[in-house]
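structure35.cif (mmCIF, C-alpha atoms and all ligand atoms)
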```cif
data_run
loop_
_atom_site.label_atom_id
_atom_site.label_comp_id
_atom_site.auth_asym_id
_atom_site.auth_seq_id
_atom_site.Cartn_x
_atom_site.Cartn_y
_atom_site.Cartn_z
CA MET A 229 3.14 -11.17 -19.80
CA THR A 230 -0.18 -12.94 -19.44
CA ALA A 231 -3.46 -11.29 -18.57
CA THR A 232 -6.29 -13.15 -16.91
CA LYS A 233 -9.88 -12.07 -16.90
CA VAL A 234 -11.83 -13.93 -14.29
CA THR A 235 -15.38 -15.13 -14.53
CA PRO A 236 -18.24 -12.73 -13.88
CA ALA A 237 -19.32 -12.71 -10.27
CA LYS A 238 -22.61 -12.51 -8.46
CA THR A 239 -23.85 -9.05 -7.75
CA THR A 240 -23.42 -7.86 -4.20
CA SER A 241 -26.34 -7.44 -1.81
CA ASN A 242 -27.56 -4.31 -0.06
CA LYS A 243 -26.66 -5.74 3.36
CA GLU A 244 -24.02 -4.02 5.44
CA ASN A 245 -20.50 -5.29 4.83
CA LEU A 246 -18.59 -6.26 8.00
CA PHE A 247 -15.31 -6.68 6.16
CA GLY A 248 -12.84 -4.00 7.22
CA LYS A 249 -14.93 -2.82 10.18
CA SER A 250 -13.03 -2.18 13.41
CA ALA A 251 -13.69 -4.20 16.58
CA LYS A 252 -15.71 -1.32 17.99
CA GLU A 253 -17.80 -0.99 14.83
CA ILE A 254 -18.59 -4.71 14.80
CA ARG A 255 -19.60 -4.58 18.47
CA GLN A 256 -21.96 -1.69 17.68
CA ARG A 257 -23.50 -3.60 14.76
CA LEU A 258 -24.02 -6.68 16.95
CA GLN A 259 -25.67 -4.66 19.68
CA ALA A 260 -27.93 -3.07 17.08
CA ILE A 261 -29.34 -6.51 16.23
CA GLY A 262 -29.62 -7.47 19.91
CA GLU A 263 -26.52 -9.69 20.13
CA PRO A 264 -23.81 -9.50 22.81
CA ALA A 265 -20.69 -7.50 21.94
CA TYR A 266 -18.31 -10.35 22.82
CA ARG A 267 -19.27 -12.18 19.62
CA GLU A 268 -17.16 -9.60 17.82
CA LYS A 269 -13.93 -11.46 18.68
CA GLN A 270 -15.29 -14.74 17.34
CA ILE A 271 -16.43 -13.12 14.11
CA ARG A 272 -13.11 -11.34 13.52
CA ASP A 273 -11.25 -14.58 14.23
CA TRP A 274 -13.30 -16.30 11.52
CA ILE A 275 -12.82 -13.53 8.99
CA TYR A 276 -9.13 -12.69 9.31
CA VAL A 277 -7.48 -15.63 11.05
CA LYS A 278 -9.46 -18.52 9.60
CA ARG A 279 -10.41 -16.52 6.49
CA VAL A 280 -13.97 -17.76 6.38
CA LEU A 281 -16.30 -15.28 4.72
CA ASP A 282 -19.56 -17.15 4.96
CA PHE A 283 -21.49 -17.01 8.25
CA ALA A 284 -22.67 -20.58 7.64
CA GLY A 285 -19.08 -21.77 8.10
CA MET A 286 -18.64 -20.10 11.52
CA THR A 287 -19.25 -23.30 13.37
CA ASN A 288 -18.69 -22.09 16.93
CA LEU A 289 -21.74 -19.79 16.58
CA SER A 290 -25.20 -21.22 17.00
CA LYS A 291 -27.18 -21.98 13.87
CA ALA A 292 -29.75 -19.37 14.84
CA LEU A 293 -27.10 -16.69 15.25
CA ARG A 294 -25.44 -17.61 11.94
CA ALA A 295 -28.79 -17.22 10.18
CA LYS A 296 -29.45 -13.90 11.91
CA LEU A 297 -26.02 -12.57 10.95
CA ALA A 298 -26.47 -13.70 7.34
CA ASP A 299 -29.81 -11.86 7.25
CA ALA A 300 -28.23 -8.61 8.36
CA PHE A 301 -24.67 -8.61 7.01
CA VAL A 302 -22.26 -9.79 4.36
CA ILE A 303 -18.47 -10.18 4.51
CA GLU A 304 -17.06 -9.06 1.19
CA PRO A 305 -13.53 -7.91 0.39
CA PRO A 306 -13.20 -5.94 -2.86
CA ALA A 307 -13.71 -8.00 -6.00
CA THR A 308 -10.84 -8.91 -8.28
CA TYR A 309 -11.90 -8.69 -11.87
CA HIS A 310 -8.66 -8.65 -13.72
CA LYS A 311 -5.09 -9.68 -13.10
CA HIS A 312 -1.88 -9.56 -15.08
CA GLN A 313 0.97 -12.01 -14.59
CA SER A 314 4.47 -10.64 -15.20
CA LYS A 315 7.32 -12.78 -16.45
CA ASP A 316 9.30 -11.71 -13.33
CA GLY A 317 6.75 -13.43 -11.05
CA SER A 318 4.87 -10.33 -9.91
CA VAL A 319 1.13 -10.03 -10.49
CA LYS A 320 -0.88 -6.83 -10.92
CA TYR A 321 -4.42 -6.97 -9.56
CA VAL A 322 -7.11 -4.53 -10.64
CA PHE A 323 -9.92 -4.25 -8.12
CA HIS A 324 -13.37 -3.09 -9.09
CA LEU A 325 -14.81 -1.47 -5.98
CA GLU A 326 -18.46 -1.65 -5.09
CA ALA A 327 -18.38 1.94 -3.89
CA GLY A 328 -17.02 3.08 -7.23
CA GLY A 329 -13.74 3.25 -9.09
CA GLU A 330 -10.88 0.84 -9.55
CA VAL A 331 -7.52 0.51 -7.87
CA GLU A 332 -4.46 -1.58 -8.53
CA ALA A 333 -2.23 -3.59 -6.23
CA VAL A 334 0.85 -5.65 -6.95
CA TYR A 335 1.96 -9.02 -5.57
CA MET A 336 5.75 -9.30 -5.56
CA PRO A 337 7.54 -12.52 -4.59
CA MET A 338 10.95 -11.46 -3.23
CA THR A 339 13.97 -13.43 -2.04
CA LYS A 340 12.82 -12.92 1.56
CA GLY A 341 9.07 -13.59 1.37
CA VAL A 342 6.25 -11.77 -0.29
CA THR A 343 5.62 -8.04 -0.53
CA MET A 344 2.32 -6.50 -1.59
CA CYS A 345 2.11 -2.96 -2.90
CA LEU A 346 -1.35 -1.58 -2.04
CA SER A 347 -3.34 1.51 -2.99
CA SER A 348 -4.83 4.03 -0.57
CA GLN A 349 -6.92 6.21 -2.89
CA VAL A 350 -8.68 6.01 -6.24
CA GLY A 351 -6.46 8.36 -8.23
CA CYS A 352 -4.32 10.97 -6.49
CA ALA A 353 -4.33 14.72 -5.97
CA GLN A 354 -0.57 15.15 -5.59
CA ALA A 355 0.11 15.66 -9.32
CA CYS A 356 3.68 14.29 -9.34
CA SER A 357 4.81 14.78 -12.92
CA PHE A 358 6.57 11.39 -13.21
CA CYS A 359 3.56 9.31 -12.09
CA MET A 360 0.72 7.81 -14.13
CA THR A 361 -1.68 7.81 -11.17
CA ALA A 362 -1.42 11.60 -11.07
CA GLN A 363 -3.01 11.72 -14.52
CA MET A 364 -6.23 10.28 -13.10
CA GLY A 365 -6.62 13.17 -10.66
CA PHE A 366 -8.14 12.50 -7.24
CA ILE A 367 -11.37 10.52 -7.19
CA ARG A 368 -11.86 9.32 -3.60
CA ASN A 369 -10.27 7.85 -0.49
CA LEU A 370 -10.41 4.11 0.08
CA SER A 371 -12.14 2.82 3.21
CA PRO A 372 -10.14 0.68 5.68
CA GLY A 373 -11.90 -2.40 4.27
CA GLU A 374 -10.93 -1.48 0.73
CA ILE A 375 -7.30 -1.10 1.78
CA VAL A 376 -7.03 -4.37 3.73
CA GLY A 377 -9.30 -6.12 1.23
CA GLN A 378 -6.61 -5.82 -1.43
CA ALA A 379 -4.22 -7.81 0.78
CA PHE A 380 -6.92 -10.29 1.75
CA ALA A 381 -7.82 -11.01 -1.87
CA ILE A 382 -4.19 -11.37 -2.94
CA ALA A 383 -3.40 -13.67 0.02
CA HIS A 384 -6.41 -15.79 -1.00
CA ASP A 385 -5.47 -15.90 -4.67
CA GLN A 386 -1.80 -16.69 -3.98
CA GLN A 387 -2.66 -19.20 -1.21
CA LEU A 388 -0.44 -17.34 1.26
CA GLU A 389 -0.23 -18.63 4.79
CA ASP A 390 2.99 -16.98 6.00
CA PRO A 391 3.17 -13.33 7.07
CA PHE A 392 3.91 -10.92 4.24
CA ASN A 393 5.15 -7.36 3.87
CA ILE A 394 3.02 -4.43 2.82
CA VAL A 395 4.15 -1.26 1.10
CA MET A 396 1.63 1.54 0.76
CA MET A 397 3.14 2.70 -2.53
CA GLY A 398 0.31 2.00 -4.94
CA MET A 399 -2.22 4.55 -6.11
CA GLY A 400 -2.76 7.59 -3.92
CA GLU A 401 -1.05 9.53 -1.15
CA PRO A 402 -1.64 7.44 2.00
CA LEU A 403 -1.15 10.41 4.33
CA LEU A 404 -4.08 12.21 2.68
CA ASN A 405 -6.24 9.29 3.83
CA LEU A 406 -4.65 9.16 7.25
CA ASN A 407 -7.60 8.10 9.44
CA ASN A 408 -8.53 5.19 7.19
CA LEU A 409 -4.87 4.27 6.79
CA MET A 410 -4.46 4.03 10.57
CA LYS A 411 -7.63 1.91 10.85
CA ALA A 412 -6.22 -0.36 8.12
CA ILE A 413 -2.90 -0.63 9.99
CA ASP A 414 -4.89 -1.62 13.10
CA LEU A 415 -6.50 -4.44 11.10
CA PHE A 416 -3.18 -5.51 9.59
CA THR A 417 -1.48 -5.65 12.98
CA ASP A 418 -4.25 -6.89 15.30
CA ASP A 419 -3.95 -10.49 16.49
CA LEU A 420 -7.55 -10.98 15.34
CA GLY A 421 -6.69 -9.19 12.10
CA PHE A 422 -3.74 -10.13 9.90
CA GLY A 423 -1.38 -10.39 12.89
CA LEU A 424 1.46 -8.56 11.12
CA SER A 425 4.18 -6.66 12.93
CA PRO A 426 4.05 -2.90 12.18
CA ARG A 427 7.64 -3.33 10.98
CA ARG A 428 6.29 -5.32 8.04
CA ILE A 429 4.33 -2.29 6.85
CA THR A 430 5.92 0.61 4.98
CA VAL A 431 3.98 3.81 4.36
CA SER A 432 5.32 5.93 1.55
CA THR A 433 4.58 9.64 1.27
CA SER A 434 5.20 12.32 -1.30
CA GLY A 435 6.11 14.58 1.60
CA HIS A 436 2.93 15.73 3.32
CA VAL A 437 4.86 17.02 6.32
CA ARG A 438 1.92 17.83 8.62
CA ASN A 439 0.44 14.34 8.39
CA LEU A 440 3.87 12.71 8.45
CA LEU A 441 4.42 14.23 11.88
CA LYS A 442 0.92 13.07 12.92
CA LEU A 443 1.70 9.53 11.78
CA GLY A 444 4.90 9.76 13.84
CA GLN A 445 2.73 9.94 16.99
CA TYR A 446 0.80 6.80 16.12
CA PRO A 447 1.67 3.97 18.55
CA LYS A 448 1.88 1.30 15.84
CA LEU A 449 4.43 3.26 13.83
CA PRO A 450 5.06 1.56 10.47
CA ARG A 451 8.27 1.98 8.51
CA ILE A 452 8.37 5.28 6.67
CA ALA A 453 9.47 5.93 3.09
CA VAL A 454 9.66 9.46 1.74
CA SER A 455 9.65 10.13 -1.97
CA LEU A 456 12.42 12.76 -2.31
CA ASN A 457 13.45 12.54 -5.98
CA ALA A 458 15.41 15.78 -6.20
CA SER A 459 18.48 17.51 -4.85
CA THR A 460 17.17 21.07 -5.23
CA ASP A 461 13.83 22.72 -4.56
CA GLU A 462 13.72 23.89 -8.15
CA GLN A 463 13.84 20.29 -9.41
CA ARG A 464 11.42 19.07 -6.78
CA ASN A 465 8.90 21.84 -7.51
CA GLN A 466 8.86 20.59 -11.08
CA LEU A 467 8.48 16.94 -10.12
CA MET A 468 6.30 17.17 -7.02
CA PRO A 469 4.06 20.19 -6.42
CA VAL A 470 3.81 19.26 -2.71
CA ASN A 471 7.29 20.81 -2.49
CA LEU A 472 5.75 24.25 -2.98
CA ARG A 473 4.05 23.74 0.38
CA TRP A 474 6.81 21.93 2.28
CA ASN A 475 10.26 22.27 0.77
CA ILE A 476 13.15 19.83 0.99
CA ALA A 477 14.61 21.37 4.14
CA GLU A 478 11.25 21.15 5.96
CA LEU A 479 10.76 17.58 4.76
CA ILE A 480 14.20 16.42 5.92
CA ASP A 481 13.64 18.21 9.23
CA ALA A 482 10.32 16.34 9.69
CA CYS A 483 12.08 13.03 8.97
CA LYS A 484 14.58 13.81 11.74
CA GLN A 485 11.69 14.33 14.18
CA LEU A 486 10.15 10.88 13.57
CA PRO A 487 10.56 8.45 16.49
CA ILE A 488 12.31 5.82 14.37
CA PRO A 489 13.57 2.90 16.53
CA PRO A 490 17.34 3.03 17.15
CA ARG A 491 18.40 0.39 14.66
CA GLU A 492 16.06 1.48 11.89
CA ARG A 493 16.19 4.17 9.24
CA VAL A 494 13.84 6.33 7.20
CA THR A 495 13.87 5.27 3.55
CA LEU A 496 14.29 8.03 0.99
CA GLU A 497 13.10 7.13 -2.48
CA TYR A 498 14.98 8.84 -5.31
CA VAL A 499 13.64 8.21 -8.82
CA LEU A 500 16.57 8.79 -11.18
CA ILE A 501 15.45 10.67 -14.30
CA LYS A 502 17.74 11.24 -17.26
CA ASP A 503 19.18 14.77 -17.49
CA LEU A 504 16.96 16.00 -14.66
CA ASN A 505 18.26 14.77 -11.29
CA ASP A 506 20.95 12.25 -12.21
CA THR A 507 24.21 14.20 -12.37
CA PRO A 508 27.25 13.88 -10.07
CA ALA A 509 26.36 17.36 -8.74
CA ASP A 510 22.92 16.00 -7.77
CA ALA A 511 24.50 13.05 -5.99
CA LYS A 512 26.83 15.36 -4.04
CA ARG A 513 23.94 17.65 -3.05
CA LEU A 514 21.97 14.62 -1.95
CA VAL A 515 24.87 13.53 0.26
CA ARG A 516 24.85 16.96 1.93
CA LEU A 517 21.05 16.97 2.36
CA VAL A 518 21.00 13.69 4.28
CA ALA A 519 24.22 14.24 6.24
CA ASN A 520 22.55 14.19 9.65
CA LEU A 521 19.59 11.94 8.88
CA ARG A 522 19.49 8.24 9.80
CA CYS A 523 18.33 7.04 6.39
CA LYS A 524 18.84 4.69 3.53
CA ILE A 525 18.29 5.73 -0.05
CA ASN A 526 16.52 3.69 -2.70
CA LEU A 527 17.65 4.75 -6.15
CA ILE A 528 14.87 3.88 -8.58
CA PRO A 529 15.72 4.16 -12.29
CA PHE A 530 12.69 5.84 -13.89
CA ASN A 531 10.31 3.36 -15.50
CA GLU A 532 9.61 4.66 -18.97
CA THR A 533 5.88 4.77 -19.58
CA GLU A 534 3.72 5.76 -22.51
CA GLY A 535 2.31 9.22 -21.86
CA LEU A 536 5.29 10.47 -19.82
CA SER A 537 8.25 12.13 -21.54
CA TYR A 538 10.88 11.39 -18.88
CA ARG A 539 13.61 8.88 -19.67
CA GLN A 540 15.69 6.40 -17.70
CA PRO A 541 19.40 7.27 -17.27
CA SER A 542 22.00 4.90 -18.70
CA LEU A 543 23.43 2.20 -16.45
CA GLN A 544 26.75 4.06 -16.45
CA VAL A 545 25.07 7.23 -15.11
CA ILE A 546 23.18 5.26 -12.47
CA GLU A 547 26.38 3.57 -11.31
CA ALA A 548 28.29 6.86 -11.20
CA PHE A 549 25.51 8.38 -9.06
CA GLN A 550 25.57 5.42 -6.71
CA ALA A 551 29.37 5.50 -6.47
CA ILE A 552 29.21 9.02 -5.03
CA LEU A 553 26.76 7.90 -2.33
CA ASN A 554 28.96 4.88 -1.60
CA ARG A 555 32.08 7.02 -1.22
CA SER A 556 30.22 9.10 1.39
CA GLN A 557 29.03 5.92 3.11
CA ILE A 558 25.37 6.73 2.50
CA ARG A 559 23.47 3.46 2.71
CA ASN A 560 21.73 2.88 -0.62
CA THR A 561 20.34 0.33 -3.04
CA VAL A 562 19.44 0.55 -6.71
CA ARG A 563 15.90 -0.79 -6.99
CA TRP A 564 14.87 -2.12 -10.34
CA SER A 565 11.08 -2.16 -10.17
CA LYS A 566 9.21 -5.38 -10.62
CA GLY A 567 6.31 -5.73 -13.04
CA ARG A 568 7.54 -3.28 -15.68
CA ASP A 569 6.14 -5.45 -18.49
CA ILE A 570 2.62 -5.28 -17.00
CA GLY A 571 2.55 -1.58 -16.07
CA ALA A 572 2.88 -2.48 -12.38
CA ALA A 573 6.20 -0.80 -11.66
CA CYS A 574 6.75 2.24 -9.51
CA GLY A 575 4.88 5.22 -10.97
CA GLN A 576 3.02 3.17 -13.58
CA LEU A 577 -0.22 2.36 -11.73
CA ALA A 578 -3.36 3.93 -13.17
CA THR A 579 -6.77 2.66 -14.16
CA PRO A 580 -9.09 4.34 -16.62
CA ILE A 581 -12.23 4.72 -14.54
CA THR A 582 -14.39 3.78 -17.47
CA LYS A 583 -12.69 0.39 -17.75
CA ARG A 584 -14.89 -2.50 -16.68
CA GLY A 585 -14.15 -6.16 -16.64
CA ALA A 586 -15.26 -9.48 -15.35
CA ASP A 587 -15.61 -9.81 -11.63
CA LEU A 588 -14.59 -12.49 -9.14
CA ARG A 589 -15.85 -12.21 -5.60
CA LEU A 590 -14.34 -14.11 -2.70
CA LYS A 591 -17.01 -15.93 -0.81
CA SER A 592 -15.61 -18.59 1.48
CA GLY A 593 -13.04 -21.27 1.90
CA ALA A 594 -10.03 -18.94 1.65
CA PRO A 595 -6.89 -20.49 3.11
CA SER A 596 -6.40 -19.78 6.78
CA ARG A 597 -3.19 -18.24 8.11
CA LYS A 598 -3.41 -20.81 10.89
CA ALA A 599 -3.05 -24.10 9.07
CA GLY A 600 -5.88 -26.47 9.76
CA SER A 601 -7.99 -24.02 11.70
CA ALA A 602 -10.59 -23.29 9.07
CA GLY A 603 -13.89 -24.38 10.32
S1 LIG B 1 3.80 9.45 -6.89
FE1 LIG B 1 2.35 8.91 -5.29
S2 LIG B 1 1.78 10.88 -4.39
FE2 LIG B 1 2.72 11.35 -6.38
S3 LIG B 1 0.96 11.45 -7.81
FE3 LIG B 1 1.77 9.34 -7.85
S4 LIG B 1 0.48 8.23 -6.38
FE4 LIG B 1 0.26 10.41 -5.96
#
```

Could you rewrite the structure in this file as structure tokens?
Amino acid sequence: MTATKVTPAKTTSNKENLFGKSAKEIRQRLQAIGEPAYREKQIRDWIYVKRVLDFAGMTNLSKALRAKLADAFVIEPPATYHKHQSKDGSVKYVFHLEAGGEVEAVYMPMTKGVTMCLSSQVGCAQACSFCMTAQMGFIRNLSPGEIVGQAFAIAHDQQLEDPFNIVMMGMGEPLLNLNNLMKAIDLFTDDLGFGLSPRRITVSTSGHVRNLLKLGQYPKLPRIAVSLNASTDEQRNQLMPVNLRWNIAELIDACKQLPIPPRERVTLEYVLIKDLNDTPADAKRLVRLVANLRCKINLIPFNETEGLSYRQPSLQVIEAFQAILNRSQIRNTVRWSKGRDIGAACGQLATPITKRGADLRLKSGAPSRKAGSAG
């Protein structure tokens, strides 16, 4: 593993940040400074399509307007101050946020393109006992700009021009920040945003059933992953306190109500933990639980982490568990997490809030997702 600290950055200004604002919010800000609302489309095109963050570079706006905008606003995604390169190709980014706190995101080159794992909250209130983020407790929700800013900064750093996949599986419970999550999905999917298909976005939940059903009504429905991790309520109560509010039966029932397109499936995540949920009896119960659910199961061998006493099952136990699912024709994959050597694997993300590091701020000249269109 290699860790990179980047050079200290300039301090940010007190001007309002347009990064992450919705179309409507930008129109309101323009009207407030006496400018026509239609400029909003031009500005969003520069920010997200051409990835130009400096008003001076927005060459289809008049010089006078560029100066006026620069007087009133800035365009600043969250700063990267620290990144860790894994030997498996993944990179963990730690973002220091102007509004307070730090979050982590992971860049993962896969056989079919790039996937980014992003955070939705600083810390998390869900208290899952196998997760390092839980140990931070809940600190605050991220704004839409702080969510999409993680992807923007990673795309800039990795010089990405092609569309990528997003998994909301970093720090936090995305469905407890539902309004900001939906605004972020709007920015990810808008043609004047990142232009991604909603099918490239996966939202993972610990099982907040009420908000899962709300998300199910959202027109730009992303893919859904549910963190199940147990075959009995007793086990799940121990692993995930959210189960005391909505038990496994209620969670599976909610999954069945989601308007998943005909050829798609809900993903169920099942972290395999030695001597806790990894027996053949667990596998058989799991088969029964999902009998009438269009799903696929990701089996995730627990990533052993300092500070957590759980252990990873042996390969033989993992294979025996999988064989039972296979015999029942339950679609499944064993997922070996990326970034284990840099603490970036599933369940390992956490930042001590006192940690501070050097700070790199994106300013301008980021690569455009439309080749040659940067102004
Ligand atoms: S697993 Fe997810 S929901 Fe549970 S504590 Fe960790 S970040 Fe929160």

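Comparing the minimum interatomic distances between ligand LIG 1 (chain B) and each of A:Met410, A:Met468, A:Leu514, A:Met344, counting all atoms listed in the file, we find that A:Met468 sits nearest.
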
Within 9 Å of region 249-261 of chain A, counting all atoms listed in the file, which residues qualify if same-chain residues fewer than 4 places away don't, as a list in words?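 Listed by chain and then number, they are Asn245, Ala265, Tyr266, Arg267, Glu268, Lys269, Ile271, Arg272, Lys296, Leu297, Ala300, Pro372, Gly373, Lys411, Ala412, Asp414 and Leu415 of chain A.
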
Using all atoms listed in the file, what are the residues with an atom within 10 Å of ligand LIG 1 (chain B), set out as number ranges by chain? A: 347-366, 396-404, 432-436, 455, 467-470, 574-578

Close residues, Lys320 (chain A) itself excluded, 6 Å, all atoms listed in the file, min 4 positions apart in chain, as a PyMOL selection string: chain A and resi 311-312+333-334+572

Create the file for the chosen residues now, containing C-alpha atoms and written as a PDB file, in the frame of the given file.
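Printed below is out_6.pdb as written:
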```pdb
ATOM      1  CA  LYS A 311      -5.090  -9.680 -13.100  1.00  0.00           C
ATOM      2  CA  HIS A 312      -1.880  -9.560 -15.080  1.00  0.00           C
ATOM      3  CA  ALA A 333      -2.230  -3.590  -6.230  1.00  0.00           C
ATOM      4  CA  VAL A 334       0.850  -5.650  -6.950  1.00  0.00           C
ATOM      5  CA  ALA A 572       2.880  -2.480 -12.380  1.00  0.00           C
TER       6      ALA A 572
END
```

Write out as a PyMOL selection string each polymer residue whose atoms come within 8 Å of Arg493 (chain A), counting only C-alpha atoms; drop sequence neighbours fewer than 2 positions from it. chain A and resi 488-489+491+495+522-524

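The coordinates place CA of Phe247 (chain A) at 16.8 Å from CA of Asn369 (chain A).
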
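For the pair CA of Glu547 (chain A) and CA of Lys502 (chain A), the interatomic distance is 13.0 Å.
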
Ile394 (chain A) surroundings by all atoms listed in the file, 10 Å radius, close-in-sequence under 6 positions cut, as a PDB file with C-alpha atoms, in the frame of the given file:
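Result file selection-v8.pdb:
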```pdb
ATOM      1  CA  TYR A 335       1.960  -9.020  -5.570  1.00  0.00           C
ATOM      2  CA  VAL A 342       6.250 -11.770  -0.290  1.00  0.00           C
ATOM      3  CA  THR A 343       5.620  -8.040  -0.530  1.00  0.00           C
ATOM      4  CA  MET A 344       2.320  -6.500  -1.590  1.00  0.00           C
ATOM      5  CA  CYS A 345       2.110  -2.960  -2.900  1.00  0.00           C
ATOM      6  CA  LEU A 346      -1.350  -1.580  -2.040  1.00  0.00           C
ATOM      7  CA  ALA A 379      -4.220  -7.810   0.780  1.00  0.00           C
ATOM      8  CA  PHE A 416      -3.180  -5.510   9.590  1.00  0.00           C
ATOM      9  CA  LEU A 424       1.460  -8.560  11.120  1.00  0.00           C
ATOM     10  CA  PRO A 426       4.050  -2.900  12.180  1.00  0.00           C
ATOM     11  CA  ARG A 427       7.640  -3.330  10.980  1.00  0.00           C
ATOM     12  CA  ARG A 428       6.290  -5.320   8.040  1.00  0.00           C
ATOM     13  CA  ILE A 429       4.330  -2.290   6.850  1.00  0.00           C
ATOM     14  CA  THR A 430       5.920   0.610   4.980  1.00  0.00           C
ATOM     15  CA  VAL A 431       3.980   3.810   4.360  1.00  0.00           C
ATOM     16  CA  PRO A 450       5.060   1.560  10.470  1.00  0.00           C
TER      17      PRO A 450
END
```

Which value, in Å to one decimal, gives the distance between CA of Glu263 (chain A) and CA of Asp418 (chain A)?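 Spanning CA of Glu263 (chain A) to CA of Asp418 (chain A) is a straight-line distance of 23.0 Å.
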
So, counting all atoms listed in the file, which residue among A:Leu325, A:Val437, A:Gly377, A:Val518 is closest to Glu478 (chain A)?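 The answer is A:Val437, which sits nearest to Glu478 (chain A).
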
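Taking only C-alpha atoms, the non-local environment of region 284-291 of chain A within 8 Å (same-chain residues fewer than 3 positions away omitted) comprises Ile271, Trp274, Val280, Leu281, Arg294, Ala295, Ala298 and Gly603 of chain A.
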
File dump, residues just selected, C-alpha atoms, as a CSV table (one decimal), in the frame of the given file:
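Dumped everything to result.csv:
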```
chain,number,residue,atom,x,y,z
A,271,ILE,CA,-16.4,-13.1,14.1
A,274,TRP,CA,-13.3,-16.3,11.5
A,280,VAL,CA,-14.0,-17.8,6.4
A,281,LEU,CA,-16.3,-15.3,4.7
A,294,ARG,CA,-25.4,-17.6,11.9
A,295,ALA,CA,-28.8,-17.2,10.2
A,298,ALA,CA,-26.5,-13.7,7.3
A,603,GLY,CA,-13.9,-24.4,10.3
```

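Checking A:Ile303, A:Leu486, A:Ile367, A:Ile382 one by one against Val319 (chain A), counting only C-alpha atoms, you find the shortest gap at A:Ile382.
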
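Minimum atom-to-atom distances from A:Glu304, A:Ser425, A:Asn475, A:Met338 to Ser318 (chain A) were compared using all atoms listed in the file, and the lowest value belongs to A:Met338.
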